[in-house]
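Dumped structure-v3.pdb below, it's PDB, C-alpha atoms and all ligand atoms:
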```
ATOM      1  CA  MET Z   1      12.041  -1.118  10.604
ATOM      2  CA  ASN Z   2      10.320  -2.867   7.708
ATOM      3  CA  SER Z   3       7.325  -1.190   6.111
ATOM      4  CA  ILE Z   4       4.153  -2.919   5.019
ATOM      5  CA  PHE Z   5       2.238  -1.514   2.053
ATOM      6  CA  LEU Z   6      -1.542  -1.330   2.403
ATOM      7  CA  CYS Z   7      -4.014  -1.308  -0.443
ATOM      8  CA  ALA Z   8      -7.798  -0.766  -0.270
ATOM      9  CA  ILE Z   9     -10.451  -2.163  -2.574
ATOM     10  CA  SER Z  10     -13.605  -0.419  -3.737
ATOM     11  CA  ASN Z  11     -16.290  -2.605  -5.250
ATOM     12  CA  ILE Z  12     -17.787  -0.077  -7.650
ATOM     13  CA  ALA Z  13     -20.056  -2.390  -9.720
ATOM     14  CA  SER Z  14     -21.043  -5.518  -7.877
ATOM     15  CA  GLY Z  15     -22.449  -8.942  -8.738
ATOM     16  CA  SER Z  16     -24.546 -10.169 -11.676
ATOM     17  CA  CYS Z  17     -21.618 -11.421 -13.753
ATOM     18  CA  ASN Z  18     -22.606 -14.008 -16.371
ATOM     19  CA  GLU Z  19     -19.392 -16.016 -16.064
ATOM     20  CA  ASP Z  20     -19.244 -19.178 -13.956
ATOM     21  CA  CYS Z  21     -15.973 -18.816 -12.011
ATOM     22  CA  GLY Z  22     -16.628 -21.308  -9.220
ATOM     23  CA  PHE Z  23     -14.816 -19.252  -6.585
ATOM     24  CA  CYS Z  24     -16.657 -15.997  -7.208
ATOM     25  CA  ALA Z  25     -19.611 -14.754  -5.192
ATOM     26  CA  GLN Z  26     -20.290 -12.200  -7.936
ATOM     27  CA  SER Z  27     -21.285 -14.785 -10.521
ATOM     28  CA  ALA Z  28     -25.049 -14.509 -11.066
ATOM     29  CA  ARG Z  29     -25.189 -18.302 -11.360
ATOM     30  CA  TYR Z  30     -24.724 -19.035  -7.668
ATOM     31  CA  GLN Z  31     -27.355 -16.895  -5.920
ATOM     32  CA  THR Z  32     -24.964 -15.795  -3.213
ATOM     33  CA  LYS Z  33     -26.376 -13.353  -0.717
ATOM     34  CA  ILE Z  34     -24.366 -10.305  -1.688
ATOM     35  CA  GLU Z  35     -25.163  -6.714  -2.459
ATOM     36  CA  ARG Z  36     -25.577  -6.264  -6.236
ATOM     37  CA  PHE Z  37     -25.480  -2.837  -7.874
ATOM     38  CA  ARG Z  38     -24.627  -1.478 -11.315
ATOM     39  CA  SER Z  39     -22.504   1.493 -10.337
ATOM     40  CA  LYS Z  40     -21.535   3.148  -7.087
ATOM     41  CA  PRO Z  41     -21.940   6.953  -7.133
ATOM     42  CA  VAL Z  42     -18.598   8.657  -7.761
ATOM     43  CA  ASP Z  43     -18.995  10.813  -4.627
ATOM     44  CA  ARG Z  44     -19.189   7.651  -2.555
ATOM     45  CA  ILE Z  45     -16.078   6.283  -4.248
ATOM     46  CA  LYS Z  46     -14.270   9.551  -3.428
ATOM     47  CA  ASN Z  47     -15.277   9.243   0.230
ATOM     48  CA  GLU Z  48     -14.008   5.670   0.301
ATOM     49  CA  ALA Z  49     -10.698   6.831  -1.185
ATOM     50  CA  ILE Z  50     -10.376   9.491   1.529
ATOM     51  CA  ALA Z  51     -11.099   6.868   4.217
ATOM     52  CA  ALA Z  52      -8.596   4.462   2.627
ATOM     53  CA  ALA Z  53      -5.844   7.091   2.643
ATOM     54  CA  LYS Z  54      -6.623   7.836   6.325
ATOM     55  CA  ALA Z  55      -6.347   4.109   7.085
ATOM     56  CA  GLY Z  56      -2.827   4.136   5.616
ATOM     57  CA  ALA Z  57      -3.552   2.767   2.132
ATOM     58  CA  VAL Z  58      -1.109   3.709  -0.621
ATOM     59  CA  GLY Z  59      -3.165   1.977  -3.295
ATOM     60  CA  PHE Z  60      -6.866   2.157  -4.144
ATOM     61  CA  CYS Z  61      -8.409  -0.411  -6.446
ATOM     62  CA  LEU Z  62     -11.552   0.235  -8.521
ATOM     63  CA  VAL Z  63     -13.182  -3.143  -9.120
ATOM     64  CA  THR Z  64     -16.100  -3.930 -11.422
ATOM     65  CA  ALA Z  65     -17.659  -7.367 -11.798
ATOM     66  CA  GLY Z  66     -17.833  -8.812 -15.299
ATOM     67  CA  ARG Z  67     -15.780 -10.622 -17.863
ATOM     68  CA  SER Z  68     -14.387  -7.612 -19.699
ATOM     69  CA  ILE Z  69     -14.223  -3.834 -19.976
ATOM     70  CA  THR Z  70     -17.249  -2.661 -21.932
ATOM     71  CA  ASP Z  71     -17.562   0.875 -23.336
ATOM     72  CA  GLU Z  72     -19.778   1.721 -20.388
ATOM     73  CA  THR Z  73     -17.283   0.319 -17.850
ATOM     74  CA  LEU Z  74     -14.428   2.186 -19.498
ATOM     75  CA  GLU Z  75     -16.263   5.496 -19.257
ATOM     76  CA  TYR Z  76     -17.339   4.878 -15.655
ATOM     77  CA  VAL Z  77     -13.957   3.689 -14.359
ATOM     78  CA  SER Z  78     -12.198   6.539 -16.173
ATOM     79  CA  ARG Z  79     -14.561   9.035 -14.537
ATOM     80  CA  ALA Z  80     -14.049   7.476 -11.088
ATOM     81  CA  ALA Z  81     -10.242   7.331 -11.513
ATOM     82  CA  LYS Z  82     -10.082  10.980 -12.596
ATOM     83  CA  ALA Z  83     -12.222  12.046  -9.627
ATOM     84  CA  VAL Z  84     -10.068  10.135  -7.117
ATOM     85  CA  LYS Z  85      -6.827  11.414  -8.690
ATOM     86  CA  ALA Z  86      -8.123  14.994  -8.386
ATOM     87  CA  LEU Z  87      -8.331  14.551  -4.598
ATOM     88  CA  ASN Z  88      -4.499  14.461  -4.486
ATOM     89  CA  LEU Z  89      -4.425  11.757  -1.846
ATOM     90  CA  ASP Z  90      -1.158  10.290  -3.127
ATOM     91  CA  LEU Z  91      -2.856   6.984  -3.844
ATOM     92  CA  LYS Z  92      -1.771   4.713  -6.670
ATOM     93  CA  ILE Z  93      -4.940   3.905  -8.605
ATOM     94  CA  ILE Z  94      -5.486   0.342  -9.654
ATOM     95  CA  ALA Z  95      -8.283  -0.752 -11.980
ATOM     96  CA  CYS Z  96      -9.662  -4.286 -11.992
ATOM     97  CA  ASN Z  97     -12.280  -4.615 -14.708
ATOM     98  CA  GLY Z  98     -11.745  -7.904 -16.492
ATOM     99  CA  THR Z  99     -10.242  -8.593 -19.869
ATOM    100  CA  GLY Z 100      -9.340  -5.775 -22.204
ATOM    101  CA  THR Z 101      -7.259  -4.567 -25.106
ATOM    102  CA  LYS Z 102      -4.276  -2.235 -25.267
ATOM    103  CA  ASP Z 103      -6.540   0.630 -26.471
ATOM    104  CA  ARG Z 104      -8.785   0.329 -23.427
ATOM    105  CA  PHE Z 105      -5.815   0.225 -21.067
ATOM    106  CA  THR Z 106      -4.259   3.253 -22.770
ATOM    107  CA  GLU Z 107      -7.508   5.118 -22.125
ATOM    108  CA  LEU Z 108      -7.532   4.083 -18.452
ATOM    109  CA  LYS Z 109      -3.927   5.236 -18.084
ATOM    110  CA  LYS Z 110      -4.775   8.595 -19.670
ATOM    111  CA  ASN Z 111      -7.470   9.012 -17.019
ATOM    112  CA  GLY Z 112      -5.224   8.425 -14.033
ATOM    113  CA  VAL Z 113      -5.058   4.648 -13.600
ATOM    114  CA  ASP Z 114      -1.526   3.568 -12.613
ATOM    115  CA  LEU Z 115      -1.828  -0.204 -12.407
ATOM    116  CA  TYR Z 116      -4.079  -2.959 -13.690
ATOM    117  CA  ASN Z 117      -5.189  -6.045 -11.774
ATOM    118  CA  HIS Z 118      -6.342  -9.139 -13.605
ATOM    119  CA  ASN Z 119      -5.422 -12.253 -11.670
ATOM    120  CA  LEU Z 120      -4.555 -15.490 -13.437
ATOM    121  CA  GLU Z 121      -6.202 -17.227 -10.438
ATOM    122  CA  THR Z 122      -4.474 -20.595 -10.963
ATOM    123  CA  SER Z 123      -2.365 -22.562 -13.434
ATOM    124  CA  GLU Z 124      -3.426 -22.880 -17.071
ATOM    125  CA  ARG Z 125      -3.804 -26.635 -16.501
ATOM    126  CA  PHE Z 126      -6.149 -26.314 -13.503
ATOM    127  CA  PHE Z 127      -8.206 -23.372 -14.783
ATOM    128  CA  PRO Z 128     -10.880 -25.482 -16.597
ATOM    129  CA  ASN Z 129     -11.732 -26.979 -13.175
ATOM    130  CA  ILE Z 130     -12.787 -23.591 -11.847
ATOM    131  CA  CYS Z 131     -14.309 -21.892 -14.894
ATOM    132  CA  SER Z 132     -15.934 -23.116 -18.108
ATOM    133  CA  THR Z 133     -17.160 -19.871 -19.667
ATOM    134  CA  HIS Z 134     -13.781 -18.375 -20.527
ATOM    135  CA  GLY Z 135     -10.203 -19.521 -20.800
ATOM    136  CA  TRP Z 136      -7.022 -18.839 -18.834
ATOM    137  CA  ARG Z 137      -5.310 -17.588 -22.009
ATOM    138  CA  GLU Z 138      -7.508 -14.492 -22.220
ATOM    139  CA  ARG Z 139      -6.507 -13.606 -18.675
ATOM    140  CA  TYR Z 140      -2.857 -14.042 -19.647
ATOM    141  CA  GLU Z 141      -3.258 -11.939 -22.793
ATOM    142  CA  THR Z 142      -5.038  -9.213 -20.844
ATOM    143  CA  ASN Z 143      -1.953  -8.837 -18.665
ATOM    144  CA  GLU Z 144       0.225  -8.601 -21.776
ATOM    145  CA  ALA Z 145      -2.089  -5.888 -23.147
ATOM    146  CA  ALA Z 146      -2.111  -3.910 -19.877
ATOM    147  CA  ALA Z 147       1.682  -4.035 -19.685
ATOM    148  CA  SER Z 148       1.999  -2.954 -23.315
ATOM    149  CA  ALA Z 149      -0.134   0.122 -22.532
ATOM    150  CA  GLY Z 150       2.373   1.079 -19.825
ATOM    151  CA  LEU Z 151       0.288   0.084 -16.813
ATOM    152  CA  GLY Z 152       2.039  -1.640 -13.903
ATOM    153  CA  LEU Z 153       0.667  -5.081 -13.160
ATOM    154  CA  VAL Z 154      -0.991  -6.313 -10.004
ATOM    155  CA  LEU Z 155      -1.096 -10.005 -10.748
ATOM    156  CA  GLY Z 156      -1.877 -12.877  -8.443
ATOM    157  CA  GLY Z 157      -4.199 -15.763  -7.792
ATOM    158  CA  ILE Z 158      -6.128 -17.862  -5.331
ATOM    159  CA  LEU Z 159      -4.717 -20.804  -3.395
ATOM    160  CA  GLY Z 160      -6.758 -23.654  -1.989
ATOM    161  CA  MET Z 161      -9.296 -24.419  -4.722
ATOM    162  CA  GLY Z 162      -8.207 -28.055  -5.062
ATOM    163  CA  GLU Z 163      -5.159 -27.417  -7.247
ATOM    164  CA  SER Z 164      -1.916 -29.402  -6.848
ATOM    165  CA  ASP Z 165       1.440 -28.119  -5.622
ATOM    166  CA  GLU Z 166       2.602 -28.277  -9.224
ATOM    167  CA  ASP Z 167      -0.277 -25.983 -10.255
ATOM    168  CA  ARG Z 168       0.723 -23.492  -7.572
ATOM    169  CA  VAL Z 169       4.350 -23.499  -8.685
ATOM    170  CA  ASP Z 170       3.309 -23.051 -12.330
ATOM    171  CA  LEU Z 171       1.057 -20.136 -11.385
ATOM    172  CA  LEU Z 172       3.871 -18.461  -9.441
ATOM    173  CA  LYS Z 173       6.365 -18.981 -12.269
ATOM    174  CA  THR Z 174       3.963 -17.444 -14.788
ATOM    175  CA  ILE Z 175       3.371 -14.475 -12.501
ATOM    176  CA  ALA Z 176       7.136 -14.036 -11.994
ATOM    177  CA  ALA Z 177       7.708 -13.870 -15.764
ATOM    178  CA  PHE Z 178       5.371 -10.840 -15.955
ATOM    179  CA  LYS Z 179       7.476  -8.961 -13.359
ATOM    180  CA  PRO Z 180       4.401  -7.488 -11.622
ATOM    181  CA  MET Z 181       4.584  -4.585  -9.206
ATOM    182  CA  SER Z 182       2.484  -6.507  -6.753
ATOM    183  CA  SER Z 183       1.109 -10.015  -6.468
ATOM    184  CA  PRO Z 184      -2.056 -10.570  -4.422
ATOM    185  CA  MET Z 185      -2.282 -13.959  -2.709
ATOM    186  CA  ASN Z 186      -5.876 -14.936  -1.958
ATOM    187  CA  PHE Z 187      -6.822 -17.937   0.157
ATOM    188  CA  TYR Z 188     -10.043 -19.580  -0.950
ATOM    189  CA  ILE Z 189     -12.987 -19.397   1.441
ATOM    190  CA  ALA Z 190     -15.892 -21.610   0.394
ATOM    191  CA  ARG Z 191     -19.427 -20.278   0.610
ATOM    192  CA  PRO Z 192     -22.295 -22.759   0.730
ATOM    193  CA  GLU Z 193     -23.671 -21.466  -2.598
ATOM    194  CA  LEU Z 194     -20.361 -21.833  -4.481
ATOM    195  CA  PRO Z 195     -19.503 -25.061  -6.318
ATOM    196  CA  ILE Z 196     -15.885 -25.286  -5.148
ATOM    197  CA  LYS Z 197     -15.919 -27.104  -1.823
ATOM    198  CA  GLN Z 198     -12.513 -26.940  -0.158
ATOM    199  CA  PRO Z 199     -11.493 -26.366   3.445
ATOM    200  CA  VAL Z 200      -9.650 -23.150   4.340
ATOM    201  CA  MET Z 201      -5.906 -23.614   4.020
ATOM    202  CA  ASN Z 202      -4.239 -23.911   7.427
ATOM    203  CA  ALA Z 203      -1.636 -21.403   8.600
ATOM    204  CA  ASP Z 204       1.382 -23.727   8.201
ATOM    205  CA  GLU Z 205       0.455 -24.477   4.603
ATOM    206  CA  ALA Z 206      -0.324 -20.818   3.846
ATOM    207  CA  LEU Z 207       3.045 -19.755   5.294
ATOM    208  CA  LYS Z 208       4.818 -22.399   3.224
ATOM    209  CA  TRP Z 209       3.277 -20.898   0.067
ATOM    210  CA  VAL Z 210       4.147 -17.323   1.028
ATOM    211  CA  ARG Z 211       7.784 -18.495   1.372
ATOM    212  CA  LYS Z 212       7.586 -20.281  -1.963
ATOM    213  CA  ALA Z 213       6.028 -17.212  -3.602
ATOM    214  CA  ARG Z 214       8.894 -15.024  -2.397
ATOM    215  CA  GLU Z 215      11.422 -17.590  -3.604
ATOM    216  CA  ILE Z 216       9.857 -17.738  -7.087
ATOM    217  CA  LEU Z 217       8.875 -14.055  -7.491
ATOM    218  CA  GLY Z 218      12.240 -12.780  -6.239
ATOM    219  CA  PRO Z 219      12.830  -9.761  -4.010
ATOM    220  CA  MET Z 220      11.110  -7.008  -6.003
ATOM    221  CA  PRO Z 221       7.336  -7.519  -6.328
ATOM    222  CA  ARG Z 222       5.166  -6.840  -3.364
ATOM    223  CA  ILE Z 223       3.526  -9.993  -2.091
ATOM    224  CA  MET Z 224       0.132  -8.827  -0.933
ATOM    225  CA  LEU Z 225      -1.966 -10.885   1.472
ATOM    226  CA  ALA Z 226      -5.516 -10.486   0.239
ATOM    227  CA  GLY Z 227      -8.847 -12.327   0.515
ATOM    228  CA  GLY Z 228      -8.939 -15.046   3.155
ATOM    229  CA  LYS Z 229      -5.834 -13.820   5.004
ATOM    230  CA  GLU Z 230      -7.777 -13.518   8.283
ATOM    231  CA  GLN Z 231      -9.128 -17.086   8.087
ATOM    232  CA  ALA Z 232      -5.953 -18.750   6.753
ATOM    233  CA  PHE Z 233      -3.439 -17.148   9.128
ATOM    234  CA  GLY Z 234      -5.629 -16.372  12.146
ATOM    235  CA  ASP Z 235      -3.424 -14.899  14.886
ATOM    236  CA  ARG Z 236      -0.299 -15.885  12.909
ATOM    237  CA  LEU Z 237      -0.810 -13.168  10.284
ATOM    238  CA  MET Z 238       2.478 -11.437  11.038
ATOM    239  CA  GLU Z 239       4.406 -14.674  10.505
ATOM    240  CA  ALA Z 240       3.449 -14.213   6.855
ATOM    241  CA  ILE Z 241       5.529 -11.031   6.838
ATOM    242  CA  GLU Z 242       8.524 -12.969   8.173
ATOM    243  CA  ALA Z 243       7.831 -15.529   5.427
ATOM    244  CA  GLY Z 244       8.157 -12.885   2.712
ATOM    245  CA  ALA Z 245       4.910 -10.959   2.318
ATOM    246  CA  ASN Z 246       5.206  -7.160   2.502
ATOM    247  CA  ALA Z 247       1.743  -5.866   1.608
ATOM    248  CA  MET Z 248      -1.843  -6.402   2.686
ATOM    249  CA  VAL Z 249      -5.338  -5.452   1.725
ATOM    250  CA  VAL Z 250      -6.776  -3.049   4.304
ATOM    251  CA  GLY Z 251     -10.497  -2.882   4.998
ATOM    252  CA  ASN Z 252     -13.169  -5.002   3.395
ATOM    253  CA  TYR Z 253     -12.909  -7.242   0.359
ATOM    254  CA  LEU Z 254     -15.358  -7.270  -2.550
ATOM    255  CA  THR Z 255     -18.096  -9.254  -0.871
ATOM    256  CA  THR Z 256     -16.694 -10.118   2.572
ATOM    257  CA  GLU Z 257     -15.503  -8.148   5.571
ATOM    258  CA  GLY Z 258     -11.799  -7.796   6.295
ATOM    259  CA  MET Z 259     -10.044  -7.054   9.564
ATOM    260  CA  ASP Z 260     -10.891  -3.636  10.966
ATOM    261  CA  SER Z 261      -8.301  -1.146   9.678
ATOM    262  CA  SER Z 262      -7.266   0.173  13.112
ATOM    263  CA  ARG Z 263      -6.833  -3.378  14.371
ATOM    264  CA  LEU Z 264      -4.700  -4.203  11.339
ATOM    265  CA  LYS Z 265      -2.513  -1.156  12.016
ATOM    266  CA  GLU Z 266      -2.153  -2.152  15.692
ATOM    267  CA  THR Z 267      -1.245  -5.704  14.662
ATOM    268  CA  ILE Z 268       1.413  -4.414  12.246
ATOM    269  CA  GLU Z 269       2.908  -1.983  14.744
ATOM    270  CA  GLY Z 270       2.652  -4.460  17.614
ATOM    271  CA  ALA Z 271       4.860  -6.840  15.640
ATOM    272  CA  GLY Z 272       7.510  -4.135  15.183
ATOM    273  CA  TYR Z 273       6.681  -3.146  11.595
ATOM    274  CA  LYS Z 274       5.237   0.083  10.261
ATOM    275  CA  VAL Z 275       2.660   1.020   7.649
ATOM    276  CA  ALA Z 276       4.428   2.260   4.493
ATOM    277  CA  THR Z 277       3.966   5.876   3.439
ATOM    278  CA  SER Z 278       3.102   7.135  -0.057
ATOM    279  CA  ALA Z 279       6.687   8.381  -0.387
ATOM    280  CA  GLU Z 280       7.978   4.863   0.310
ATOM    281  CA  CYS Z 281       5.490   3.491  -2.206
ATOM    282  CA  LYS Z 282       6.694   5.893  -4.897
ATOM    283  CA  ALA Z 283      10.340   5.099  -4.137
ATOM    284  CA  ALA Z 284       9.654   1.347  -4.276
ATOM    285  CA  PHE Z 285       7.878   1.669  -7.631
ATOM    286  CA  ALA Z 286      10.638   3.898  -9.008
ATOM    287  CA  ALA Z 287      13.160   1.205  -8.039
ATOM    288  CA  MET Z 288      11.091  -1.186 -10.162
ATOM    289  CA  GLY Z 289      11.171   1.170 -13.143
ATOM    290  CA  ALA Z 290       7.623   2.609 -12.763
ATOM    291  CA  SER Z 291       6.614   6.222 -12.230
TER     292      SER Z 291
HETATM  293  S1  LIG Z 301     -15.385 -13.030 -14.561
HETATM  294 FE1  LIG Z 301     -14.784 -12.000 -12.642
HETATM  295  S2  LIG Z 301     -16.689 -11.199 -11.734
HETATM  296 FE2  LIG Z 301     -17.269 -12.716 -13.316
HETATM  297  S3  LIG Z 301     -17.543 -14.638 -12.184
HETATM  298 FE3  LIG Z 301     -15.419 -14.605 -12.959
HETATM  299  S4  LIG Z 301     -14.162 -13.693 -11.291
HETATM  300 FE4  LIG Z 301     -16.371 -13.245 -10.875
END
```

What's the structure tokens form of this structure?
Amino acid sequence: MNSIFLCAISNIASGSCNEDCGFCAQSARYQTKIERFRSKPVDRIKNEAIAAAKAGAVGFCLVTAGRSITDETLEYVSRAAKAVKALNLDLKIIACNGTGTKDRFTELKKNGVDLYNHNLETSERFFPNICSTHGWRERYETNEAAASAGLGLVLGGILGMGESDEDRVDLLKTIAAFKPMSSPMNFYIARPELPIKQPVMNADEALKWVRKAREILGPMPRIMLAGGKEQAFGDRLMEAIEAGANAMVVGNYLTTEGMDSSRLKETIEGAGYKVATSAECKAAFAAMGAS
């Protein structure tokens, strides 16, 4: 029976980012109606980690809004990572805190972070269409820096922002060259306040790109269905597993609600799959050369 890896996200510093990424509800430029806060109390993060482990998550991602890891972010994320690690929940800890240098990533690793997530979002060619305040290259270089500090990479992007098929293939090829542990596939959902106006990708198209992602990324990295999976696949979510995905975000996203975790588990088991255990997660990472 195939296992599906689940990963939970904790939005620990939300909104008010000065950048203008046109897909992001956390940019202060778009007045989206989201909760904005500077830092979530560490006790609350610990409770979320406990709930995530109960829901079957093997990964727990600490996300802060903002372009890059400031001194303050580094201290806060390190403190949160240490506190979650000390709970011994057998969760891989992922940090997602924007651009950074090898020194910052080394510090995160020292404090219990296992993997770093900084998505490329789209191809280098298409990126200026979705963001004007920073370049794609700094996202690319951040992944190089995280890898050089010994962190595993969680590296993906967003489909359906108006990019061409060629852009999608280029994105996937760039991701493949990094040999990430996991690659989140997000499906763009427009909000009225956001400048990118595109319809939600339909299930046939989304399935086609999951197949293509598996073809280009090869058998090893997890392909993780992330933001927009509910809207893009609808009741055909499990067809995405047949198409090559083997991981999913469980619970809510940064600023939107995800499928209820017990319903997700029922959907997985109802289709004849099972939720992967921490032991399976460790074994899978060891097979990819990570501890
Ligand atoms: S840098 Fe990150 S948090 Fe800021 S607008 Fe872009 S995607 Fe959103």

What do you get as an MDAnalysis selection string if you pick all residues at most 9 Å from ligand LIG 301 (chain Z), counting all atoms listed in the file?
chainID Z and resid 14:29 64:68 97:99 118:119 121 131 133:134

Restricted to C-alpha atoms, what would the selected residues look like written as a short mmCIF file (atom, residue, chain, number, x, y, z; two decimals), keeping the file's coordinate frame?
```
data_model
loop_
_atom_site.label_atom_id
_atom_site.label_comp_id
_atom_site.auth_asym_id
_atom_site.auth_seq_id
_atom_site.Cartn_x
_atom_site.Cartn_y
_atom_site.Cartn_z
CA SER Z 14 -21.04 -5.52 -7.88
CA GLY Z 15 -22.45 -8.94 -8.74
CA SER Z 16 -24.55 -10.17 -11.68
CA CYS Z 17 -21.62 -11.42 -13.75
CA ASN Z 18 -22.61 -14.01 -16.37
CA GLU Z 19 -19.39 -16.02 -16.06
CA ASP Z 20 -19.24 -19.18 -13.96
CA CYS Z 21 -15.97 -18.82 -12.01
CA GLY Z 22 -16.63 -21.31 -9.22
CA PHE Z 23 -14.82 -19.25 -6.58
CA CYS Z 24 -16.66 -16.00 -7.21
CA ALA Z 25 -19.61 -14.75 -5.19
CA GLN Z 26 -20.29 -12.20 -7.94
CA SER Z 27 -21.28 -14.78 -10.52
CA ALA Z 28 -25.05 -14.51 -11.07
CA ARG Z 29 -25.19 -18.30 -11.36
CA THR Z 64 -16.10 -3.93 -11.42
CA ALA Z 65 -17.66 -7.37 -11.80
CA GLY Z 66 -17.83 -8.81 -15.30
CA ARG Z 67 -15.78 -10.62 -17.86
CA SER Z 68 -14.39 -7.61 -19.70
CA ASN Z 97 -12.28 -4.62 -14.71
CA GLY Z 98 -11.74 -7.90 -16.49
CA THR Z 99 -10.24 -8.59 -19.87
CA HIS Z 118 -6.34 -9.14 -13.60
CA ASN Z 119 -5.42 -12.25 -11.67
CA GLU Z 121 -6.20 -17.23 -10.44
CA CYS Z 131 -14.31 -21.89 -14.89
CA THR Z 133 -17.16 -19.87 -19.67
CA HIS Z 134 -13.78 -18.38 -20.53
#
```

For the interface of segment 177-213 of chain Z with segment 247-250 of chain Z (cut-off 12 Å, counting all atoms listed in the file), please tabulate each contacting residue of segment 177-213 of chain Z alongside its nearest pair of atoms and their separation in Å to one decimal, rows sorted by chain and increasing number, as a tab-separated table.
```
residue	atom	partner	partner_atom	distance
Z:Met181	CA	Z:Ala247	CA	11.3
Z:Ser182	CA	Z:Ala247	CA	8.4
Z:Ser183	CA	Z:Ala247	CA	9.1
Z:Pro184	CA	Z:Met248	CA	8.2
Z:Met185	CA	Z:Met248	CA	9.3
Z:Asn186	CA	Z:Val249	CA	10.2
Z:Val210	CA	Z:Ala247	CA	11.7
```

Check the smallest atom-to-atom distance from each of Z:Met220, Z:Leu207, Z:Met161, Z:Leu151 to Tyr188 of chain Z using all atoms listed in the file, then report the winner.
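Of Z:Met220, Z:Leu207, Z:Met161, Z:Leu151, the one nearest Tyr188 of chain Z is Z:Met161, counting all atoms listed in the file.
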
Minimum-distance residue to Glu193 of chain Z, chosen among Z:Arg139, Z:Lys212, Z:Lys40, Z:Lys33 (using all atoms listed in the file):
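Smallest separation from Glu193 of chain Z among the options: Z:Lys33.
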
Which is closer to Lys85 of chain Z than all the others in Z:Thr101, Z:Asn111, Z:Ser3, Z:Gln31, using only C-alpha atoms?
Z:Asn111

Report as a PyMOL selection string the residues that result from applying the PyMOL selection byres (((chain Z and resi 268) around 12) and not hetatm) to the structure here.
chain Z and resi 1-6+56+235-242+246-248+250+261-267+269-276

Which value, in Å to one decimal, gives the distance between atom CA of Ala145 of chain Z and atom CA of Leu172 of chain Z?
19.5 Å

So how many Å separate atom CA of Arg222 of chain Z and atom CA of Phe126 of chain Z, to one decimal?
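Distance between the two atoms: 24.7 Å.
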
One-decimal distance in Å that lies between atom CA of Thr73 of chain Z and atom CA of Pro41 of chain Z
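Between atom CA of Pro41 of chain Z and atom CA of Thr73 of chain Z the gap works out to 13.4 Å.
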
Evaluated on this file, the PyMOL selection byres (((chain Z and resi 169) around 12) and not hetatm) picks out some residues - which ones are they, written as a PDB file with C-alpha atoms, in the frame of the given file?
```pdb
ATOM      1  CA  THR Z 122      -4.474 -20.595 -10.963  1.00  0.00           C
ATOM      2  CA  SER Z 123      -2.365 -22.562 -13.434  1.00  0.00           C
ATOM      3  CA  GLU Z 124      -3.426 -22.880 -17.071  1.00  0.00           C
ATOM      4  CA  ARG Z 125      -3.804 -26.635 -16.501  1.00  0.00           C
ATOM      5  CA  PHE Z 126      -6.149 -26.314 -13.503  1.00  0.00           C
ATOM      6  CA  GLY Z 157      -4.199 -15.763  -7.792  1.00  0.00           C
ATOM      7  CA  LEU Z 159      -4.717 -20.804  -3.395  1.00  0.00           C
ATOM      8  CA  GLU Z 163      -5.159 -27.417  -7.247  1.00  0.00           C
ATOM      9  CA  SER Z 164      -1.916 -29.402  -6.848  1.00  0.00           C
ATOM     10  CA  ASP Z 165       1.440 -28.119  -5.622  1.00  0.00           C
ATOM     11  CA  GLU Z 166       2.602 -28.277  -9.224  1.00  0.00           C
ATOM     12  CA  ASP Z 167      -0.277 -25.983 -10.255  1.00  0.00           C
ATOM     13  CA  ARG Z 168       0.723 -23.492  -7.572  1.00  0.00           C
ATOM     14  CA  ASP Z 170       3.309 -23.051 -12.330  1.00  0.00           C
ATOM     15  CA  LEU Z 171       1.057 -20.136 -11.385  1.00  0.00           C
ATOM     16  CA  LEU Z 172       3.871 -18.461  -9.441  1.00  0.00           C
ATOM     17  CA  LYS Z 173       6.365 -18.981 -12.269  1.00  0.00           C
ATOM     18  CA  THR Z 174       3.963 -17.444 -14.788  1.00  0.00           C
ATOM     19  CA  ILE Z 175       3.371 -14.475 -12.501  1.00  0.00           C
ATOM     20  CA  ALA Z 176       7.136 -14.036 -11.994  1.00  0.00           C
ATOM     21  CA  LYS Z 208       4.818 -22.399   3.224  1.00  0.00           C
ATOM     22  CA  TRP Z 209       3.277 -20.898   0.067  1.00  0.00           C
ATOM     23  CA  VAL Z 210       4.147 -17.323   1.028  1.00  0.00           C
ATOM     24  CA  ARG Z 211       7.784 -18.495   1.372  1.00  0.00           C
ATOM     25  CA  LYS Z 212       7.586 -20.281  -1.963  1.00  0.00           C
ATOM     26  CA  ALA Z 213       6.028 -17.212  -3.602  1.00  0.00           C
ATOM     27  CA  ARG Z 214       8.894 -15.024  -2.397  1.00  0.00           C
ATOM     28  CA  GLU Z 215      11.422 -17.590  -3.604  1.00  0.00           C
ATOM     29  CA  ILE Z 216       9.857 -17.738  -7.087  1.00  0.00           C
ATOM     30  CA  LEU Z 217       8.875 -14.055  -7.491  1.00  0.00           C
TER      31      LEU Z 217
END
```

So that I can see what lies close to Ile189 of chain Z, please list as a ChimeraX atom specification the residues with an atom at most 8 Å from it, counting all atoms listed in the file and leaving out residues fewer than 3 positions away in the same chain.
/Z:198-200,228

Nearest to Leu115 of chain Z, chosen from Z:Glu75, Z:Cys61, Z:Thr70, Z:Ala53, with all atoms listed in the file counted in the distances:
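Of Z:Glu75, Z:Cys61, Z:Thr70, Z:Ala53, the one nearest Leu115 of chain Z, counting all atoms listed in the file, is Z:Cys61.
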
Distance query Arg137 of chain Z at most 10 Å, all atoms listed in the file, self and fewer than 3 positions along chain excluded, as a list of chain:residue names
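Residues meeting the cut-off are Z:Leu120, Z:Glu124, Z:Phe127, Z:His134, Z:Tyr140, Z:Glu141, Z:Thr142, Z:Asn143.
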
Give me the residues within 10 Å of Lys82 of chain Z as a short mmCIF file (atom, residue, chain, number, x, y, z; two decimals) with C-alpha atoms, in the coordinates of the input, counting all atoms listed in the file and dropping any in the same chain fewer than 6 places off.
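Dumped to around_38.cif:
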```cif
data_model
loop_
_atom_site.label_atom_id
_atom_site.label_comp_id
_atom_site.auth_asym_id
_atom_site.auth_seq_id
_atom_site.Cartn_x
_atom_site.Cartn_y
_atom_site.Cartn_z
CA TYR Z 76 -17.34 4.88 -15.66
CA ILE Z 93 -4.94 3.90 -8.60
CA LEU Z 108 -7.53 4.08 -18.45
CA LYS Z 110 -4.78 8.60 -19.67
CA ASN Z 111 -7.47 9.01 -17.02
CA GLY Z 112 -5.22 8.43 -14.03
CA VAL Z 113 -5.06 4.65 -13.60
#
```
